[in-house]
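**Student:** My structure is stored as input-v2.cif, with mmCIF, C-alpha atoms.
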data_model
loop_
_atom_site.label_atom_id
_atom_site.label_comp_id
_atom_site.auth_asym_id
_atom_site.auth_seq_id
_atom_site.Cartn_x
_atom_site.Cartn_y
_atom_site.Cartn_z
CA MET A 116 0.00 0.00 0.00
CA LYS A 117 2.83 2.35 0.93
CA ILE A 118 4.51 1.87 -2.44
CA ARG A 119 1.45 3.03 -4.28
CA ILE A 120 1.03 6.24 -2.33
CA ILE A 121 4.51 7.60 -3.06
CA PRO A 122 4.40 7.17 -6.86
CA SER A 123 0.96 8.72 -7.02
CA ILE A 124 2.11 11.74 -4.97
CA ILE A 125 5.14 12.14 -7.21
CA SER A 126 3.14 11.92 -10.41
CA LEU A 127 0.57 14.34 -9.02
CA LEU A 128 3.33 16.81 -8.16
CA LEU A 129 4.85 16.42 -11.61
CA ILE A 130 1.49 17.04 -13.25
CA ILE A 131 0.93 20.17 -11.13
CA ILE A 132 4.39 21.47 -11.99
CA PHE A 133 3.83 20.71 -15.66
CA ILE A 134 0.51 22.57 -15.69
CA LEU A 135 2.06 25.55 -13.90
CA PHE A 136 4.93 25.80 -16.36
CA TYR A 137 2.61 25.21 -19.31
CA MET A 138 0.46 28.10 -18.16
CA GLY A 139 3.61 30.16 -17.71
CA LEU A 140 4.48 29.57 -21.35
CA LYS A 141 1.42 31.45 -22.43
CA ASN A 142 2.35 34.58 -20.48
CA SER A 143 3.86 37.29 -22.58
CA ASN A 144 7.62 37.28 -22.17
CA ILE A 145 8.17 40.54 -23.97
CA TYR A 146 9.70 42.90 -21.47
CA VAL A 147 7.74 46.06 -20.95
CA PRO A 148 9.87 48.71 -19.27
CA LYS A 149 8.67 49.73 -15.88
CA GLU A 150 7.26 53.18 -16.30
CA ASN A 151 8.30 55.41 -13.47
CA VAL A 152 5.11 57.39 -13.65
CA ASN A 153 3.78 59.14 -10.55
CA LYS A 154 7.18 59.04 -8.97
CA LYS A 155 9.07 61.90 -7.47
CA ILE A 156 11.79 63.28 -9.68
CA PRO A 157 15.35 62.66 -8.57
CA ASN A 158 17.36 65.51 -7.15
CA PHE A 159 20.61 66.13 -8.99
CA THR A 160 23.34 68.68 -9.39
CA ALA A 161 24.63 69.30 -12.88
CA LYS A 162 26.52 71.76 -14.98
CA LEU A 163 24.61 74.20 -17.12
CA PHE A 164 25.19 73.97 -20.84
CA GLU A 165 25.81 77.65 -21.53
CA THR A 166 27.78 78.77 -18.50
CA SER A 167 29.17 75.50 -17.07
CA GLU A 168 27.90 76.70 -13.72
CA LYS A 169 26.87 73.93 -11.33
CA ILE A 170 23.27 74.13 -10.29
CA ASN A 171 20.87 72.06 -8.22
CA SER A 172 17.75 70.75 -9.94
CA GLU A 173 15.53 71.70 -7.00
CA LYS A 174 15.69 75.36 -7.98
CA ILE A 175 14.69 74.62 -11.53
CA PHE A 176 11.64 72.46 -10.89
CA SER A 177 10.24 74.63 -8.10
CA LYS A 178 7.59 76.61 -9.99
CA ASP A 179 3.96 75.58 -10.03
CA GLN A 180 4.04 74.88 -13.75
CA PHE A 181 4.47 71.99 -16.12
CA TYR A 182 7.98 70.93 -17.04
CA LEU A 183 9.05 68.87 -19.99
CA MET A 184 12.43 67.31 -19.57
CA ASN A 185 13.97 65.99 -22.75
CA ILE A 186 17.12 63.87 -22.89
CA TRP A 187 18.87 64.53 -26.18
CA SER A 188 22.19 64.35 -27.93
CA SER A 189 23.62 65.67 -31.15
CA TRP A 190 24.69 62.19 -32.28
CA CYS A 191 21.18 60.81 -31.87
CA VAL A 192 19.25 60.69 -35.12
CA PRO A 193 15.72 60.37 -33.66
CA CYS A 194 16.47 63.51 -31.61
CA ARG A 195 16.88 65.38 -34.86
CA ASP A 196 13.46 64.11 -35.98
CA GLU A 197 11.66 65.14 -32.84
CA HIS A 198 13.26 68.57 -32.67
CA ASN A 199 10.43 70.29 -34.55
CA PHE A 200 7.91 68.91 -32.06
CA LEU A 201 9.98 70.32 -29.22
CA LYS A 202 10.07 73.69 -30.92
CA ASP A 203 6.32 73.54 -31.31
CA LEU A 204 5.95 72.75 -27.60
CA SER A 205 8.28 75.59 -26.63
CA ASN A 206 5.55 78.03 -27.71
CA GLU A 207 3.32 76.81 -24.89
CA LYS A 208 3.26 79.37 -22.10
CA ASN A 209 2.46 76.92 -19.35
CA LEU A 210 5.36 74.63 -20.16
CA ASN A 211 9.06 74.90 -19.35
CA LEU A 212 11.35 72.91 -21.55
CA ILE A 213 14.42 71.48 -19.90
CA GLY A 214 17.09 69.69 -21.88
CA LEU A 215 19.52 67.10 -20.63
CA ASN A 216 22.42 66.85 -23.01
CA TYR A 217 23.41 63.18 -22.87
CA LYS A 218 27.06 62.11 -23.40
CA ASP A 219 27.75 64.72 -26.00
CA LYS A 220 30.61 66.92 -27.09
CA THR A 221 29.75 70.51 -26.24
CA GLU A 222 30.95 71.69 -29.62
CA ASN A 223 28.69 69.27 -31.50
CA ALA A 224 25.75 70.08 -29.27
CA LYS A 225 26.21 73.79 -29.92
CA ASN A 226 26.28 73.24 -33.67
CA PHE A 227 23.17 71.08 -33.39
CA LEU A 228 21.28 73.90 -31.65
CA ILE A 229 22.56 76.53 -34.07
CA GLU A 230 21.46 74.41 -36.99
CA LEU A 231 18.01 73.42 -35.72
CA GLY A 232 17.21 76.12 -33.17
CA ASN A 233 17.10 75.98 -29.40
CA PRO A 234 13.67 75.18 -27.92
CA PHE A 235 14.97 74.69 -24.35
CA ASP A 236 14.72 77.15 -21.48
CA ILE A 237 17.57 75.48 -19.62
CA ILE A 238 19.99 72.76 -20.65
CA PHE A 239 21.88 70.55 -18.24
CA LEU A 240 24.96 68.57 -19.11
CA ASP A 241 25.20 64.85 -18.43
CA GLN A 242 28.57 63.83 -19.75
CA LYS A 243 28.75 60.45 -18.04
CA GLY A 244 25.12 59.47 -18.48
CA ILE A 245 24.64 59.06 -14.74
CA ILE A 246 21.88 61.61 -14.32
CA ALA A 247 19.91 59.85 -17.05
CA ILE A 248 20.18 56.59 -15.10
CA ASP A 249 19.01 58.41 -11.99
CA TRP A 250 15.88 59.25 -13.97
CA GLY A 251 15.49 55.65 -15.08
CA ALA A 252 16.28 56.40 -18.71
CA TYR A 253 17.52 53.87 -21.24
CA GLY A 254 19.06 56.20 -23.76
CA VAL A 255 18.18 59.04 -26.04
CA PRO A 256 15.66 60.44 -26.75
CA GLU A 257 13.46 60.24 -23.72
CA THR A 258 10.93 62.77 -22.46
CA TYR A 259 9.33 63.34 -19.07
CA LEU A 260 6.34 65.51 -18.28
CA ILE A 261 6.58 66.84 -14.74
CA LYS A 262 4.23 68.73 -12.46
CA ASN A 263 4.88 69.53 -8.79
CA ASN A 264 8.05 67.41 -8.84
CA ILE A 265 6.13 64.34 -9.94
CA ILE A 266 6.56 62.58 -13.26
CA ILE A 267 3.16 62.55 -14.96
CA LYS A 268 4.17 60.98 -18.22
CA LYS A 269 7.25 59.24 -19.54
CA ILE A 270 7.93 58.84 -23.24
CA ILE A 271 10.64 56.47 -24.41
CA GLY A 272 11.77 57.25 -27.93
CA PRO A 273 11.05 60.25 -30.13
CA LEU A 274 7.98 62.43 -29.84
CA ASN A 275 5.38 62.24 -32.56
CA TYR A 276 2.29 64.17 -33.58
CA ASN A 277 -0.09 62.18 -31.35
CA LEU A 278 2.13 62.40 -28.29
CA VAL A 279 2.52 66.16 -28.72
CA LYS A 280 -1.24 66.48 -28.98
CA GLU A 281 -1.62 64.45 -25.80
CA ILE A 282 0.90 66.60 -23.94
CA LYS A 283 -0.89 69.76 -25.05
CA GLU A 284 -4.18 68.37 -23.80
CA ILE A 285 -2.67 67.53 -20.42
CA ILE A 286 -1.17 70.97 -19.85
CA ARG A 287 -4.30 72.87 -20.82
CA MET B 181 66.74 53.10 8.08
CA ARG B 182 66.61 53.95 4.43
CA TYR B 183 65.78 50.34 3.55
CA LEU B 184 63.09 50.27 6.16
CA LYS B 185 61.47 53.32 4.58
CA LEU B 186 61.71 51.75 1.17
CA ILE B 187 60.13 48.52 2.37
CA LEU B 188 57.36 50.46 4.07
CA ILE B 189 56.64 52.38 0.90
CA ILE B 190 56.56 49.20 -1.16
CA PHE B 191 54.21 47.58 1.33
CA PHE B 192 52.00 50.65 1.26
CA ILE B 193 51.78 50.61 -2.53
CA PHE B 194 51.00 46.90 -2.62
CA GLY B 195 48.39 47.40 0.06
CA LEU B 196 46.66 50.04 -2.03
CA ASN B 197 46.77 47.77 -5.00
CA TYR B 198 45.13 45.00 -3.04
CA SER B 199 42.24 47.11 -1.76
CA HIS B 200 41.65 48.45 -5.24
CA ALA B 201 41.59 44.94 -6.69
CA GLN B 202 38.99 43.96 -4.14
CA GLN B 203 36.76 46.83 -5.16
CA SER B 204 37.01 46.13 -8.85
CA GLU B 205 36.20 42.49 -8.15
CA LEU B 206 33.00 43.56 -6.45
CA GLU B 207 32.30 45.96 -9.31
CA ASN B 208 32.63 43.11 -11.79
CA LYS B 209 30.44 40.89 -9.68
CA ILE B 210 27.69 43.51 -9.59
CA THR B 211 27.88 44.45 -13.26
CA LYS B 212 27.81 40.78 -14.22
CA ASN B 213 24.51 40.47 -12.38
CA LEU B 214 22.99 43.50 -14.14
CA ARG B 215 21.11 43.02 -17.37
CA CYS B 216 21.95 45.49 -20.10
CA LEU B 217 18.42 46.60 -20.84
CA VAL B 218 19.09 47.93 -24.31
CA CYS B 219 21.04 44.87 -25.50
CA GLN B 220 19.94 41.33 -26.25
CA GLY B 221 20.82 38.93 -23.48
CA GLN B 222 24.05 40.59 -22.43
CA SER B 223 25.12 41.69 -19.01
CA VAL B 224 26.28 45.21 -18.31
CA TYR B 225 29.75 43.78 -17.77
CA ASP B 226 29.88 42.33 -21.29
CA SER B 227 28.25 45.18 -23.12
CA ASP B 228 29.82 48.30 -24.55
CA THR B 229 26.70 50.35 -25.17
CA GLU B 230 26.31 53.87 -23.82
CA PHE B 231 23.79 52.63 -21.30
CA ALA B 232 26.07 49.87 -20.01
CA ASN B 233 29.10 52.14 -19.83
CA SER B 234 27.15 54.67 -17.79
CA LEU B 235 25.96 51.94 -15.47
CA LYS B 236 29.53 50.76 -14.93
CA ILE B 237 30.55 54.27 -13.90
CA LEU B 238 27.49 54.54 -11.69
CA VAL B 239 28.27 51.27 -9.88
CA LYS B 240 31.83 52.45 -9.29
CA ASN B 241 30.64 55.81 -7.94
CA LYS B 242 28.07 54.21 -5.67
CA LEU B 243 30.66 51.83 -4.25
CA ASN B 244 32.96 54.76 -3.58
CA GLU B 245 30.07 56.52 -1.85
CA GLY B 246 29.82 53.51 0.44
CA PHE B 247 26.78 51.77 -1.03
CA SER B 248 26.59 48.03 -0.44
CA GLU B 249 25.89 45.57 -3.22
CA ARG B 250 22.31 45.15 -2.06
CA GLN B 251 21.75 48.90 -1.84
CA ILE B 252 22.90 49.31 -5.44
CA TYR B 253 20.48 46.62 -6.55
CA THR B 254 17.65 48.32 -4.68
CA TYR B 255 18.57 51.66 -6.23
CA LEU B 256 18.46 50.22 -9.74
CA LYS B 257 15.35 48.16 -9.06
CA GLU B 258 13.49 51.31 -8.08
CA ARG B 259 14.31 52.79 -11.47
CA TYR B 260 14.25 49.89 -13.89
CA GLY B 261 12.26 47.17 -12.17
CA GLU B 262 13.47 43.73 -11.14
CA TRP B 263 14.23 42.78 -14.73
CA ILE B 264 17.60 44.52 -14.47
CA LEU B 265 18.86 41.80 -12.10
CA PHE B 266 19.86 38.45 -13.56
CA ASP B 267 19.50 36.73 -10.21
CA PRO B 268 15.86 37.00 -9.23
CA GLU B 269 15.50 37.81 -5.56
CA PHE B 270 13.61 35.63 -3.13
CA THR B 271 10.13 37.16 -3.07
CA LYS B 272 6.50 36.05 -3.15
CA LYS B 273 6.68 35.80 -6.92
CA THR B 274 9.85 33.75 -7.07
CA TYR B 275 9.79 31.43 -4.07
CA PHE B 276 8.42 28.65 -6.27
CA LEU B 277 11.33 29.10 -8.64
CA TRP B 278 13.86 28.86 -5.84
CA LEU B 279 12.22 26.01 -3.96
CA ILE B 280 11.45 23.61 -6.82
CA PRO B 281 15.04 22.35 -7.24
CA ILE B 282 15.31 21.71 -3.51
CA LEU B 283 11.94 20.00 -3.55
CA MET B 284 12.93 17.85 -6.51
CA PHE B 285 16.15 16.91 -4.78
CA ALA B 286 14.26 15.85 -1.67
CA ILE B 287 11.74 13.85 -3.67
CA GLY B 288 14.55 12.16 -5.58
CA GLY B 289 16.20 11.26 -2.32
CA LEU B 290 12.97 9.78 -1.03
CA VAL B 291 12.55 7.71 -4.19
CA ILE B 292 16.06 6.34 -3.91
CA LEU B 293 15.54 5.62 -0.26
CA ASN B 294 12.33 3.88 -1.05
CA LEU B 295 13.61 1.82 -3.97
CA PHE B 296 16.98 0.68 -2.72
CA ILE B 297 17.25 0.92 0.99
CA ILE B 298 13.83 0.15 2.36
CA LYS B 299 13.27 -2.66 -0.13
CA LYS B 300 16.48 -4.43 0.88
CA ASN B 301 15.43 -4.70 4.49
#
Can you present the structure in this file as structure tokens?
**Tutor:**
Amino acid sequence: MKIRIIPSIISLLLIIIFILFYMGLKNSNIYVPKENVNKKIPNFTAKLFETSEKINSEKIFSKDQFYLMNIWSSWCVPCRDEHNFLKDLSNEKNLNLIGLNYKDKTENAKNFLIELGNPFDIIFLDQKGIIAIDWGAYGVPETYLIKNNIIIKKIIGPLNYNLVKEIKEIIR
Amino acid sequence: MRYLKLILIIFFIFGLNYSHAQQSELENKITKNLRCLVCQGQSVYDSDTEFANSLKILVKNKLNEGFSERQIYTYLKERYGEWILFDPEFTKKTYFLWLIPILMFAIGGLVILNLFIIKKN
């Protein structure tokens, strides 16, 4: 009698494990990045693009307005594509555009802005890419919509017409 | 006296070297456990993307600031989710994953015990 109980328990366990793993197969295994929405923005100190003066981010994000922080670089092709959308958004009165220049040569970045125009109110430098990681960014371009020090919306990749429309609806 | 100084200096330099080696070992251990999120199946240690290079610098800085290995993992988990770690941590979601091998081992032991030892008696 004892011999029969053990094999049946083992086979039952195996069946349960098989079913569990089989169900697991059907789950989507495509990784969706964790969106750090509704999180407080990190506090950082960085150099300013124009004057190389070190400044704390707290002072910048203190107003009761919307902020759009864009991580960009002159070597990033999608950044070039989204630049017109940023310029369009810079006309919004309720919105402050803040740039984070990611791992770029200052000279190249300057030429980029001269060529395409500068939509940003303030640009920070992030030469080592560490501030971007503090924000939970993967690379360039990436855009964050911020209100009261809280990230409302995070966009990975370049802006497009629909996203710009959505942002405009949020800030109105 | 001069030799003594020399020996002391040499010892000092080697000592520095040793502590540095220990830190970079820990750095490697941590970066090997971090998934490069913008690559395909590579660790941060293996990858040479901008993202991975920044993470390597970040790990180094955090260690210099006195962060422990676990604190660095927590810091990155807050920003990128648990996916960034290759070793899943022991939580509600993963206890099954960690316990199954042990369970299997125990069951196997019981089977062997049952088949060979108890039967003989």
**Student:** If the cut-off is 12 Å, can you tell me the residues of chain B near chain A, counting all atoms listed in the file? I'd like them as a ChimeraX atom specification.
**Tutor:** /B:216-221,229-242,252,255-264,276-277,280-281,283-284,286-288,290-295,298-299
**Student:** Applied to the shown file, which residues does the PyMOL selection byres ((chain A and resi 196) around 12) return, written as number ranges by chain?
**Tutor:** A: 187-195, 197-202, 231, 256, 272-276
**Student:** For the provided coordinates, the residues matched by the PyMOL selection byres ((chain A and resi 282) around 12) should be stated as an MDAnalysis selection string.
**Tutor:** chainID A and resid 181:183 200:201 203:205 207 209:210 258:261 267:270 274:281 283:287
**Student:** Apply the PyMOL selection byres ((chain B and resi 205-215) around 6) to the structure shown and report the selected residues as a PDB file with C-alpha atoms, in the coordinates of the input.
**Tutor:**
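Once written, part_36.pdb looks like this:
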ATOM      1  CA  GLN B 202      38.990  43.960  -4.140  1.00  0.00           C
ATOM      2  CA  GLN B 203      36.760  46.830  -5.160  1.00  0.00           C
ATOM      3  CA  SER B 204      37.010  46.130  -8.850  1.00  0.00           C
ATOM      4  CA  CYS B 216      21.950  45.490 -20.100  1.00  0.00           C
ATOM      5  CA  LEU B 217      18.420  46.600 -20.840  1.00  0.00           C
ATOM      6  CA  SER B 223      25.120  41.690 -19.010  1.00  0.00           C
ATOM      7  CA  VAL B 224      26.280  45.210 -18.310  1.00  0.00           C
ATOM      8  CA  TYR B 225      29.750  43.780 -17.770  1.00  0.00           C
ATOM      9  CA  ILE B 264      17.600  44.520 -14.470  1.00  0.00           C
ATOM     10  CA  LEU B 265      18.860  41.800 -12.100  1.00  0.00           C
ATOM     11  CA  PHE B 266      19.860  38.450 -13.560  1.00  0.00           C
TER      12      PHE B 266
END
**Student:** Could you check how far CA of Phe247 in chain B sits from CA of Met184 in chain A, in Å to one decimal?
**Tutor:**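 A separation of 28.1 Å between them.
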**Student:** Record the distance separating CA of Gln180 in chain A and CA of Lys262 in chain A, expressed in Å with one decimal.
**Tutor:**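 For CA of Gln180 in chain A relative to CA of Lys262 in chain A, the distance reads 6.3 Å.
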**Student:** For CA of Leu196 in chain B and CA of Asn244 in chain B, determine how far apart the two atoms are, in Å to one decimal place.
**Tutor:** 14.6 Å
**Student:** Neighbouring residues of range 172-179 of chain A were defined as those with any atom within 9 Å, considering only C-alpha atoms; residues of the same chain fewer than 2 positions away were excluded. Please report them as a PDB file with C-alpha atoms, in the coordinates of the input.
**Tutor:**
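Done, and the output landed in result-v2.pdb:
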ATOM      1  CA  PRO A 157      15.350  62.660  -8.570  1.00  0.00           C
ATOM      2  CA  ASN A 158      17.360  65.510  -7.150  1.00  0.00           C
ATOM      3  CA  PHE A 159      20.610  66.130  -8.990  1.00  0.00           C
ATOM      4  CA  THR A 160      23.340  68.680  -9.390  1.00  0.00           C
ATOM      5  CA  ALA A 161      24.630  69.300 -12.880  1.00  0.00           C
ATOM      6  CA  ILE A 170      23.270  74.130 -10.290  1.00  0.00           C
ATOM      7  CA  PHE A 181       4.470  71.990 -16.120  1.00  0.00           C
ATOM      8  CA  TYR A 182       7.980  70.930 -17.040  1.00  0.00           C
ATOM      9  CA  ILE A 213      14.420  71.480 -19.900  1.00  0.00           C
ATOM     10  CA  ILE A 237      17.570  75.480 -19.620  1.00  0.00           C
ATOM     11  CA  ILE A 261       6.580  66.840 -14.740  1.00  0.00           C
ATOM     12  CA  LYS A 262       4.230  68.730 -12.460  1.00  0.00           C
ATOM     13  CA  ASN A 263       4.880  69.530  -8.790  1.00  0.00           C
ATOM     14  CA  ASN A 264       8.050  67.410  -8.840  1.00  0.00           C
TER      15      ASN A 264
END
**Student:** Take range 193-227 of chain A, bring it up to N, CA and C atoms, and give me the output as a compact mmCIF listing (two decimals), in the frame of the given file.
**Tutor:**
# COMPACT_ATOMS: atom_id res chain seq x y z
N PRO A 193 17.11 60.09 -33.99
CA PRO A 193 15.72 60.37 -33.66
C PRO A 193 15.52 61.73 -32.97
N CYS A 194 16.58 62.20 -32.27
CA CYS A 194 16.47 63.51 -31.61
C CYS A 194 16.29 64.61 -32.66
N ARG A 195 16.98 64.44 -33.75
CA ARG A 195 16.88 65.38 -34.86
C ARG A 195 15.43 65.41 -35.39
N ASP A 196 14.84 64.21 -35.46
CA ASP A 196 13.46 64.11 -35.98
C ASP A 196 12.46 64.79 -35.06
N GLU A 197 12.68 64.63 -33.76
CA GLU A 197 11.66 65.14 -32.84
C GLU A 197 11.86 66.62 -32.53
N HIS A 198 12.93 67.21 -33.05
CA HIS A 198 13.26 68.57 -32.67
C HIS A 198 12.16 69.57 -33.02
N ASN A 199 11.51 69.38 -34.16
CA ASN A 199 10.43 70.29 -34.55
C ASN A 199 9.26 70.24 -33.58
N PHE A 200 8.99 69.03 -33.05
CA PHE A 200 7.91 68.91 -32.06
C PHE A 200 8.27 69.67 -30.79
N LEU A 201 9.53 69.59 -30.41
CA LEU A 201 9.98 70.32 -29.22
C LEU A 201 9.84 71.82 -29.43
N LYS A 202 10.19 72.25 -30.64
CA LYS A 202 10.07 73.69 -30.92
C LYS A 202 8.62 74.13 -30.86
N ASP A 203 7.75 73.27 -31.38
CA ASP A 203 6.32 73.54 -31.31
C ASP A 203 5.87 73.66 -29.85
N LEU A 204 6.35 72.74 -29.02
CA LEU A 204 5.95 72.75 -27.60
C LEU A 204 6.55 73.94 -26.85
N SER A 205 7.66 74.47 -27.34
CA SER A 205 8.28 75.59 -26.63
C SER A 205 7.42 76.86 -26.73
N ASN A 206 6.45 76.88 -27.63
CA ASN A 206 5.55 78.03 -27.71
C ASN A 206 4.48 78.02 -26.63
N GLU A 207 4.32 76.89 -25.95
CA GLU A 207 3.32 76.81 -24.89
C GLU A 207 3.79 77.64 -23.69
N LYS A 208 2.86 78.48 -23.20
CA LYS A 208 3.26 79.37 -22.10
C LYS A 208 3.37 78.64 -20.77
N ASN A 209 2.57 77.61 -20.63
CA ASN A 209 2.46 76.92 -19.35
C ASN A 209 3.54 75.84 -19.18
N LEU A 210 4.43 75.76 -20.14
CA LEU A 210 5.36 74.63 -20.16
C LEU A 210 6.80 75.12 -20.23
N ASN A 211 7.62 74.60 -19.31
CA ASN A 211 9.06 74.90 -19.35
C ASN A 211 9.79 73.72 -19.94
N LEU A 212 10.59 74.00 -20.95
CA LEU A 212 11.35 72.91 -21.55
C LEU A 212 12.75 72.85 -20.96
N ILE A 213 13.09 71.66 -20.48
CA ILE A 213 14.42 71.48 -19.90
C ILE A 213 15.13 70.37 -20.67
N GLY A 214 16.33 70.68 -21.12
CA GLY A 214 17.09 69.69 -21.88
C GLY A 214 18.15 69.05 -21.01
N LEU A 215 18.39 67.77 -21.26
CA LEU A 215 19.52 67.10 -20.63
C LEU A 215 20.39 66.57 -21.76
N ASN A 216 21.52 67.21 -21.92
CA ASN A 216 22.42 66.85 -23.01
C ASN A 216 23.22 65.61 -22.61
N TYR A 217 22.93 64.50 -23.29
CA TYR A 217 23.41 63.18 -22.87
C TYR A 217 24.69 62.80 -23.60
N LYS A 218 25.79 62.63 -22.85
CA LYS A 218 27.06 62.11 -23.40
C LYS A 218 27.43 62.72 -24.74
N ASP A 219 27.56 64.01 -24.74
CA ASP A 219 27.75 64.72 -26.00
C ASP A 219 29.00 65.58 -25.91
N LYS A 220 29.54 65.93 -27.08
CA LYS A 220 30.61 66.92 -27.09
C LYS A 220 29.95 68.29 -27.17
N THR A 221 30.40 69.20 -26.32
CA THR A 221 29.75 70.51 -26.24
C THR A 221 29.74 71.20 -27.60
N GLU A 222 30.84 71.04 -28.31
CA GLU A 222 30.95 71.69 -29.62
C GLU A 222 29.86 71.18 -30.57
N ASN A 223 29.71 69.86 -30.63
CA ASN A 223 28.69 69.27 -31.50
C ASN A 223 27.29 69.69 -31.08
N ALA A 224 27.07 69.72 -29.77
CA ALA A 224 25.75 70.08 -29.27
C ALA A 224 25.42 71.52 -29.65
N LYS A 225 26.43 72.38 -29.56
CA LYS A 225 26.21 73.79 -29.92
C LYS A 225 25.84 73.90 -31.39
N ASN A 226 26.57 73.20 -32.23
CA ASN A 226 26.28 73.24 -33.67
C ASN A 226 24.87 72.71 -33.97
N PHE A 227 24.51 71.67 -33.25
CA PHE A 227 23.17 71.08 -33.39
C PHE A 227 22.10 72.12 -33.11
